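Q: Next comes run-v3.cif, mmCIF, C-alpha atoms:
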```cif
data_coords
loop_
_atom_site.label_atom_id
_atom_site.label_comp_id
_atom_site.auth_asym_id
_atom_site.auth_seq_id
_atom_site.Cartn_x
_atom_site.Cartn_y
_atom_site.Cartn_z
CA MET A 8 0.00 0.00 0.00
CA THR A 9 1.50 3.33 -1.09
CA GLN A 10 -1.25 5.70 0.08
CA ARG A 11 -0.64 7.93 3.06
CA TYR A 12 -3.29 9.68 5.12
CA ALA A 13 -3.34 12.67 7.46
CA VAL A 14 -5.78 14.82 9.39
CA TYR A 15 -5.62 18.53 8.63
CA PHE A 16 -7.32 21.75 9.42
CA THR A 17 -8.01 23.48 6.11
CA PRO A 18 -9.83 26.81 5.85
CA ASP A 19 -13.17 26.61 4.09
CA ARG A 20 -12.53 26.87 0.34
CA SER A 21 -14.96 29.78 0.08
CA SER A 22 -13.01 31.87 2.61
CA GLU A 23 -10.79 34.70 1.45
CA LEU A 24 -7.77 33.08 3.08
CA ALA A 25 -8.28 29.79 1.26
CA ARG A 26 -8.87 31.52 -2.06
CA PHE A 27 -5.68 33.52 -1.60
CA ALA A 28 -3.70 30.39 -0.76
CA ASN A 29 -5.06 28.46 -3.74
CA ALA A 30 -4.09 31.32 -6.02
CA TRP A 31 -0.63 31.69 -4.43
CA ILE A 32 0.20 27.98 -4.19
CA ASN A 33 -1.90 26.23 -6.84
CA ASP A 34 -2.58 28.89 -9.51
CA GLU A 35 -6.27 28.04 -9.27
CA PRO A 36 -8.14 30.08 -11.90
CA GLY A 37 -10.97 32.16 -10.58
CA ALA A 38 -10.08 31.32 -6.99
CA THR A 39 -8.51 34.61 -5.99
CA VAL A 40 -10.08 37.41 -4.00
CA PHE A 41 -8.23 39.99 -6.05
CA GLY A 42 -9.97 40.05 -9.40
CA ASP A 43 -8.33 39.25 -12.71
CA GLU A 44 -4.75 40.08 -11.75
CA VAL A 45 -3.08 38.81 -8.60
CA PRO A 46 -1.34 41.56 -6.61
CA TRP A 47 2.06 39.85 -6.73
CA SER A 48 2.07 40.08 -10.52
CA GLY A 49 5.26 41.86 -11.55
CA LEU A 50 6.74 41.60 -8.04
CA ILE A 51 7.95 38.01 -8.22
CA ASP A 52 9.01 35.82 -11.13
CA PRO A 53 6.28 33.21 -11.81
CA ASP A 54 8.78 30.35 -12.14
CA TYR A 55 10.48 31.35 -8.89
CA ARG A 56 7.12 31.54 -7.13
CA ARG A 57 6.24 28.06 -8.32
CA SER A 58 9.61 26.73 -7.16
CA ILE A 59 9.24 28.16 -3.64
CA THR A 60 5.69 26.83 -3.32
CA SER A 61 6.52 23.28 -4.45
CA ALA A 62 6.27 21.72 -0.97
CA PRO A 63 3.02 23.52 -0.02
CA ARG A 64 1.62 22.48 -3.40
CA THR A 65 2.15 18.81 -2.54
CA TYR A 66 0.67 19.00 0.95
CA GLY A 67 -1.93 21.70 0.35
CA PHE A 68 -2.61 24.80 2.42
CA HIS A 69 -3.30 23.39 5.85
CA ALA A 70 -2.36 23.00 9.48
CA THR A 71 -1.42 19.43 10.38
CA LEU A 72 -3.29 17.80 13.27
CA LYS A 73 -2.27 14.16 12.73
CA PRO A 74 0.84 13.88 10.53
CA PRO A 75 0.91 11.69 7.40
CA PHE A 76 0.91 7.95 7.99
CA PHE A 77 0.45 4.66 6.15
CA LEU A 78 -2.62 2.63 7.04
CA ALA A 79 -1.92 -0.16 9.52
CA SER A 80 -2.27 -3.79 8.47
CA GLY A 81 -5.86 -4.96 8.76
CA LYS A 82 -7.31 -1.45 8.86
CA GLU A 83 -9.74 -0.25 6.21
CA LEU A 84 -10.11 3.25 4.85
CA ALA A 85 -13.84 3.22 5.55
CA ALA A 86 -13.13 2.59 9.24
CA LEU A 87 -10.63 5.46 9.30
CA GLU A 88 -13.20 7.79 7.74
CA THR A 89 -15.75 6.77 10.37
CA ALA A 90 -13.22 7.30 13.16
CA VAL A 91 -12.32 10.79 11.93
CA ALA A 92 -16.00 11.70 11.66
CA GLU A 93 -16.61 10.50 15.22
CA PHE A 94 -13.50 12.31 16.45
CA ALA A 95 -14.72 15.56 14.92
CA ALA A 96 -18.31 15.18 16.12
CA ALA A 97 -17.15 14.93 19.74
CA ARG A 98 -15.10 18.13 19.73
CA PRO A 99 -16.10 21.80 19.76
CA ARG A 100 -15.22 24.48 17.25
CA ILE A 101 -12.20 26.63 18.10
CA LEU A 102 -11.93 30.35 17.50
CA LEU A 103 -8.36 31.20 16.55
CA PRO A 104 -6.80 34.51 17.54
CA ASN A 105 -5.36 36.64 14.77
CA LEU A 106 -2.91 34.75 12.62
CA GLN A 107 0.51 36.20 11.98
CA PHE A 108 3.47 35.59 9.69
CA GLU A 109 6.33 33.58 11.11
CA VAL A 110 9.49 31.91 9.89
CA LEU A 111 9.53 28.29 11.01
CA GLY A 112 12.42 26.06 10.02
CA ASN A 113 13.44 28.64 7.40
CA PHE A 114 10.09 28.55 5.62
CA LEU A 115 7.39 31.19 5.69
CA ALA A 116 4.10 30.28 7.37
CA LEU A 117 1.03 31.67 9.06
CA GLY A 118 0.91 30.79 12.76
CA LEU A 119 -0.75 31.82 15.99
CA SER A 120 0.24 34.98 17.79
CA GLU A 121 0.48 32.88 20.95
CA PRO A 122 -0.10 29.19 21.81
CA LEU A 123 -3.72 28.19 22.23
CA GLU A 124 -4.44 25.31 24.59
CA GLU A 125 -7.56 24.20 22.72
CA VAL A 126 -5.65 23.86 19.45
CA ASP A 127 -2.80 21.95 21.08
CA ALA A 128 -5.33 19.61 22.70
CA LEU A 129 -7.15 19.03 19.40
CA ALA A 130 -3.90 18.02 17.69
CA ALA A 131 -2.78 15.82 20.59
CA ASP A 132 -6.17 14.10 20.68
CA ALA A 133 -6.02 13.45 16.94
CA VAL A 134 -2.59 11.86 17.28
CA ARG A 135 -3.67 9.64 20.18
CA SER A 136 -7.20 8.63 19.23
CA LEU A 137 -6.44 7.76 15.60
CA ASP A 138 -3.09 6.07 16.18
CA GLU A 139 -4.52 2.56 15.87
CA PHE A 140 -4.80 3.29 12.14
CA ARG A 141 -1.12 4.19 11.76
CA ARG A 142 1.33 1.62 10.50
CA PRO A 143 4.47 1.73 12.68
CA ALA A 144 7.23 3.76 11.08
CA SER A 145 9.82 1.76 9.16
CA ASP A 146 13.54 1.99 9.88
CA GLU A 147 13.90 4.05 6.70
CA GLU A 148 11.23 6.53 7.82
CA LEU A 149 12.79 6.82 11.27
CA ALA A 150 16.23 7.42 9.77
CA LEU A 151 14.85 10.15 7.51
CA ARG A 152 13.33 11.98 10.48
CA ARG A 153 16.49 11.61 12.52
CA GLY A 154 18.56 13.07 9.71
CA VAL A 155 17.54 16.63 10.60
CA GLY A 156 18.79 16.30 14.17
CA LEU A 157 16.33 15.69 17.01
CA THR A 158 16.28 16.48 20.69
CA GLU A 159 15.98 13.63 23.17
CA ARG A 160 12.28 14.38 23.63
CA GLN A 161 11.66 14.58 19.87
CA GLU A 162 13.35 11.20 19.48
CA ALA A 163 11.02 9.72 22.09
CA LEU A 164 7.98 11.18 20.33
CA LEU A 165 9.22 9.85 16.99
CA VAL A 166 9.52 6.32 18.38
CA LYS A 167 6.10 6.44 20.08
CA TRP A 168 4.02 8.31 17.52
CA GLY A 169 6.02 8.09 14.27
CA TYR A 170 6.64 11.85 14.12
CA PRO A 171 8.82 14.08 16.32
CA TYR A 172 6.77 17.28 16.27
CA VAL A 173 3.65 16.23 18.14
CA MET A 174 2.30 16.73 21.67
CA GLU A 175 4.31 19.51 23.36
CA GLU A 176 6.49 19.83 20.22
CA PHE A 177 3.43 20.63 18.08
CA ARG A 178 3.16 24.12 16.66
CA PHE A 179 0.13 25.21 14.67
CA HIS A 180 1.16 26.64 11.30
CA MET A 181 0.08 26.87 7.67
CA THR A 182 2.99 26.82 5.26
CA LEU A 183 3.38 29.31 2.41
CA SER A 184 6.84 28.49 1.03
CA THR A 185 9.71 26.05 0.90
CA ARG A 186 12.89 26.73 2.90
CA LEU A 187 14.42 30.10 2.09
CA ASP A 188 17.54 31.96 3.12
CA GLU A 189 17.15 35.19 5.09
CA THR A 190 17.18 37.33 1.95
CA GLY A 191 14.43 35.22 0.40
CA GLN A 192 12.38 35.31 3.59
CA SER A 193 12.59 39.11 3.84
CA ARG A 194 11.74 39.61 0.19
CA LEU A 195 8.76 37.27 0.33
CA LEU A 196 7.47 38.88 3.52
CA SER A 197 7.63 42.31 1.90
CA ILE A 198 5.47 41.01 -0.96
CA LEU A 199 2.93 38.96 0.98
CA ARG A 200 2.45 40.94 4.18
CA PRO A 201 0.40 43.79 2.63
CA ILE A 202 -1.61 41.26 0.61
CA VAL A 203 -2.42 38.78 3.37
CA SER A 204 -2.70 41.05 6.42
CA PRO A 205 -6.22 42.24 5.55
CA LEU A 206 -7.30 38.60 5.13
CA ILE A 207 -6.17 37.57 8.62
CA GLU A 208 -7.01 40.64 10.67
CA ASN A 209 -10.18 38.95 11.94
CA PRO A 210 -10.19 35.61 13.82
CA ILE A 211 -10.96 32.45 11.90
CA THR A 212 -12.63 29.32 13.23
CA ILE A 213 -11.58 25.69 13.14
CA GLU A 214 -15.06 24.42 12.33
CA ALA A 215 -14.07 21.12 10.67
CA VAL A 216 -11.19 18.74 10.13
CA SER A 217 -10.20 17.11 6.86
CA LEU A 218 -9.04 13.58 6.14
CA VAL A 219 -6.57 13.80 3.26
CA GLU A 220 -4.90 11.15 1.13
CA GLN A 221 -1.65 11.06 -0.82
CA PRO A 222 -2.32 8.40 -3.50
CA GLU A 223 1.38 7.65 -4.09
CA PRO A 224 4.78 9.06 -3.07
CA GLY A 225 5.27 12.59 -4.42
CA ALA A 226 1.63 13.03 -5.41
CA ARG A 227 -0.49 15.85 -4.09
CA PHE A 228 -2.64 15.25 -1.05
CA ILE A 229 -6.35 15.30 -1.85
CA GLU A 230 -9.27 15.73 0.52
CA ARG A 231 -11.27 12.57 1.10
CA GLY A 232 -13.69 14.05 3.60
CA ARG A 233 -14.36 17.16 5.64
CA PHE A 234 -15.96 16.53 9.02
CA PRO A 235 -17.59 19.27 11.14
CA LEU A 236 -16.68 19.80 14.79
CA LEU A 237 -19.97 19.35 16.63
CA GLY A 238 -19.04 18.86 20.30
#
```
Please rewrite the model in this file as structure tokens.

A:
Amino acid sequence: MTQRYAVYFTPDRSSELARFANAWINDEPGATVFGDEVPWSGLIDPDYRRSITSAPRTYGFHATLKPPFFLASGKELAALETAVAEFAAARPRILLPNLQFEVLGNFLALGLSEPLEEVDALAADAVRSLDEFRRPASDEELALRRGVGLTERQEALLVKWGYPYVMEEFRFHMTLSTRLDETGQSRLLSILRPIVSPLIENPITIEAVSLVEQPEPGARFIERGRFPLLG
């Protein structure tokens, strides 16, 4: 089985933020909130923009709640979909404070102005409650994660949950670029800040979670279901 699955928060596709992101990352026609011409036209080379959005294009504009995983032996996709729906139905919506730009691991992202306990708990609960569906990480996967250099605690989380940046290491963020040097970060911020700031000046709500699938290695993640938070 080559498919991987994950649980994301993705802004509603009709929202201004989602339409911006789909224009910025995916070149979706008619999806922008800016009319016929995107405001970064003439400010950034189109080929360069596509190169620095290659990773977000694969994963989609999102915040990870349960990181990508292969389905465990004996588990069916239908059962996973049911479990995600039940997980969502038991949890309340979360109002996020204003988002802000941040540089995380040398890539540009939108994150929270300060940690929010409800968001951290939602992500931790997703990791725990859906873990029966995760195939244990292979030695190759573990080695790949370790290659970036992990703390002792991150190593323990990797072994237990298959990913080092969960639980207290989790940080809510929605990625907008690949890794950039400081010059690239500053230049991109100068372009995107005046465009995006009006779109994030009001709080947004986590009102649903999405189950996404990567059909094969390197393919884009696609949404298999969006499940409302009803608790």

Q: Report as CSV: every residue of region 61-178 of chain A with an atom at most 12 Å from region 202-208 of chain A, its closest pair of atoms, and their distance in Å to one decimal, counting all atoms listed in the file, with rows sorted by chain and ascending residue number.

A:
```
residue,atom,partner,partner_atom,distance
A:Leu103,CA,A:Ile207,CA,10.4
A:Pro104,CA,A:Glu208,CA,9.2
A:Asn105,CA,A:Glu208,CA,6.0
A:Leu106,CA,A:Ile207,CA,5.9
A:Gln107,CA,A:Ile207,CA,7.6
A:Phe108,CA,A:Ser204,CA,8.9
A:Ala116,CA,A:Val203,CA,11.4
A:Leu117,CA,A:Ile207,CA,9.3
A:Gly118,CA,A:Ile207,CA,10.6
A:Leu119,CA,A:Ile207,CA,10.8
A:Ser120,CA,A:Ile207,CA,11.5
```

Q: Give me, as JSON, numbers by chain, all polymer residues having an atom no more than 8 Å from Ser184 (chain A), counting all atoms listed in the file and skipping those fewer than 4 positions away in the same chain.

A: {"A": [59, 60, 61, 62, 63, 114, 115, 116]}

Q: Using the chain letters and numbers from this file, what does the PyMOL selection byres ((chain A and resi 237) around 9) select? Give the answer as a list in words.

A: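 Written out, the selection comes to Ala95, Ala96, Ala97, Arg98, Pro99, Arg100, Glu214, Ala215, Pro235, Leu236 and Gly238 of chain A.
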
Q: For the point (-15.2, 11.4, 11.6) in file coordinates, what residues are within 10 Å, counting all atoms listed in the file? Give the answer as a PDB file with C-alpha atoms, keeping the file's coordinate frame?

A:
```
ATOM      1  CA  ALA A  86     -13.130   2.590   9.240  1.00  0.00           C
ATOM      2  CA  LEU A  87     -10.630   5.460   9.300  1.00  0.00           C
ATOM      3  CA  GLU A  88     -13.200   7.790   7.740  1.00  0.00           C
ATOM      4  CA  THR A  89     -15.750   6.770  10.370  1.00  0.00           C
ATOM      5  CA  ALA A  90     -13.220   7.300  13.160  1.00  0.00           C
ATOM      6  CA  VAL A  91     -12.320  10.790  11.930  1.00  0.00           C
ATOM      7  CA  ALA A  92     -16.000  11.700  11.660  1.00  0.00           C
ATOM      8  CA  GLU A  93     -16.610  10.500  15.220  1.00  0.00           C
ATOM      9  CA  PHE A  94     -13.500  12.310  16.450  1.00  0.00           C
ATOM     10  CA  ALA A  95     -14.720  15.560  14.920  1.00  0.00           C
ATOM     11  CA  ALA A  96     -18.310  15.180  16.120  1.00  0.00           C
ATOM     12  CA  ALA A  97     -17.150  14.930  19.740  1.00  0.00           C
ATOM     13  CA  ALA A 215     -14.070  21.120  10.670  1.00  0.00           C
ATOM     14  CA  VAL A 216     -11.190  18.740  10.130  1.00  0.00           C
ATOM     15  CA  SER A 217     -10.200  17.110   6.860  1.00  0.00           C
ATOM     16  CA  LEU A 218      -9.040  13.580   6.140  1.00  0.00           C
ATOM     17  CA  GLY A 232     -13.690  14.050   3.600  1.00  0.00           C
ATOM     18  CA  ARG A 233     -14.360  17.160   5.640  1.00  0.00           C
ATOM     19  CA  PHE A 234     -15.960  16.530   9.020  1.00  0.00           C
ATOM     20  CA  PRO A 235     -17.590  19.270  11.140  1.00  0.00           C
ATOM     21  CA  LEU A 236     -16.680  19.800  14.790  1.00  0.00           C
TER      22      LEU A 236
END
```

Q: Enumerate, as a PDB file with C-alpha atoms, in the frame of the given file, the protein, DNA and RNA residues whose atoms approach (13.5, 13.6, 18.3) to within 12 Å, taking into account only C-alpha atoms and the coordinate frame of the file.

A:
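And here is the file that came out, point_15.pdb:
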```
ATOM      1  CA  LEU A 149      12.790   6.820  11.270  1.00  0.00           C
ATOM      2  CA  ALA A 150      16.230   7.420   9.770  1.00  0.00           C
ATOM      3  CA  LEU A 151      14.850  10.150   7.510  1.00  0.00           C
ATOM      4  CA  ARG A 152      13.330  11.980  10.480  1.00  0.00           C
ATOM      5  CA  ARG A 153      16.490  11.610  12.520  1.00  0.00           C
ATOM      6  CA  GLY A 154      18.560  13.070   9.710  1.00  0.00           C
ATOM      7  CA  VAL A 155      17.540  16.630  10.600  1.00  0.00           C
ATOM      8  CA  GLY A 156      18.790  16.300  14.170  1.00  0.00           C
ATOM      9  CA  LEU A 157      16.330  15.690  17.010  1.00  0.00           C
ATOM     10  CA  THR A 158      16.280  16.480  20.690  1.00  0.00           C
ATOM     11  CA  GLU A 159      15.980  13.630  23.170  1.00  0.00           C
ATOM     12  CA  ARG A 160      12.280  14.380  23.630  1.00  0.00           C
ATOM     13  CA  GLN A 161      11.660  14.580  19.870  1.00  0.00           C
ATOM     14  CA  GLU A 162      13.350  11.200  19.480  1.00  0.00           C
ATOM     15  CA  ALA A 163      11.020   9.720  22.090  1.00  0.00           C
ATOM     16  CA  LEU A 164       7.980  11.180  20.330  1.00  0.00           C
ATOM     17  CA  LEU A 165       9.220   9.850  16.990  1.00  0.00           C
ATOM     18  CA  VAL A 166       9.520   6.320  18.380  1.00  0.00           C
ATOM     19  CA  LYS A 167       6.100   6.440  20.080  1.00  0.00           C
ATOM     20  CA  TRP A 168       4.020   8.310  17.520  1.00  0.00           C
ATOM     21  CA  GLY A 169       6.020   8.090  14.270  1.00  0.00           C
ATOM     22  CA  TYR A 170       6.640  11.850  14.120  1.00  0.00           C
ATOM     23  CA  PRO A 171       8.820  14.080  16.320  1.00  0.00           C
ATOM     24  CA  TYR A 172       6.770  17.280  16.270  1.00  0.00           C
ATOM     25  CA  VAL A 173       3.650  16.230  18.140  1.00  0.00           C
ATOM     26  CA  GLU A 176       6.490  19.830  20.220  1.00  0.00           C
TER      27      GLU A 176
END
```

Q: If you measure from CA of Val40 (chain A) to CA of Phe27 (chain A), what distance in Å do you get, rounded to one decimal?

A: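 The value is 6.3 Å.
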
Q: Counting all atoms listed in the file, what is within 12 Å of region 28-32 of chain A, bar same-chain residues fewer than 2 positions away, as a ChimeraX atom specification?

A: /A:17-26,34-48,51,53-69,116-117,181-185,195,198-199,202-203,206

Q: For CA of Arg141 (chain A) and CA of Arg178 (chain A), determine how far apart the two atoms are, in Å to one decimal place.

A: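 Rounded to one decimal, the two atoms are 21.0 Å apart.
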
Q: Quick check, in Å to one decimal: how far apart do CA of Phe140 (chain A) and CA of Arg231 (chain A) lie?

A: 15.8 Å

Q: With all atoms listed in the file as the atoms that count, which of A:Glu189, A:Glu230, A:Asp132, A:Glu139 lies nearest to Lys73 (chain A)?

A: A:Asp132

Q: Restricting the calculation to only C-alpha atoms: of A:Leu123, A:Leu187, A:Val14, A:Leu50, which residue gets closest to Leu111 (chain A)?

A: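 For Leu111 (chain A), the nearest of the candidates is A:Leu187.
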
Q: With only C-alpha atoms as the atoms that count, which of A:Val219, A:Pro122, A:Gln192, A:Arg200 lies nearest to Pro74 (chain A)?

A: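 Using only C-alpha atoms, the shortest distance to Pro74 (chain A) belongs to A:Val219.
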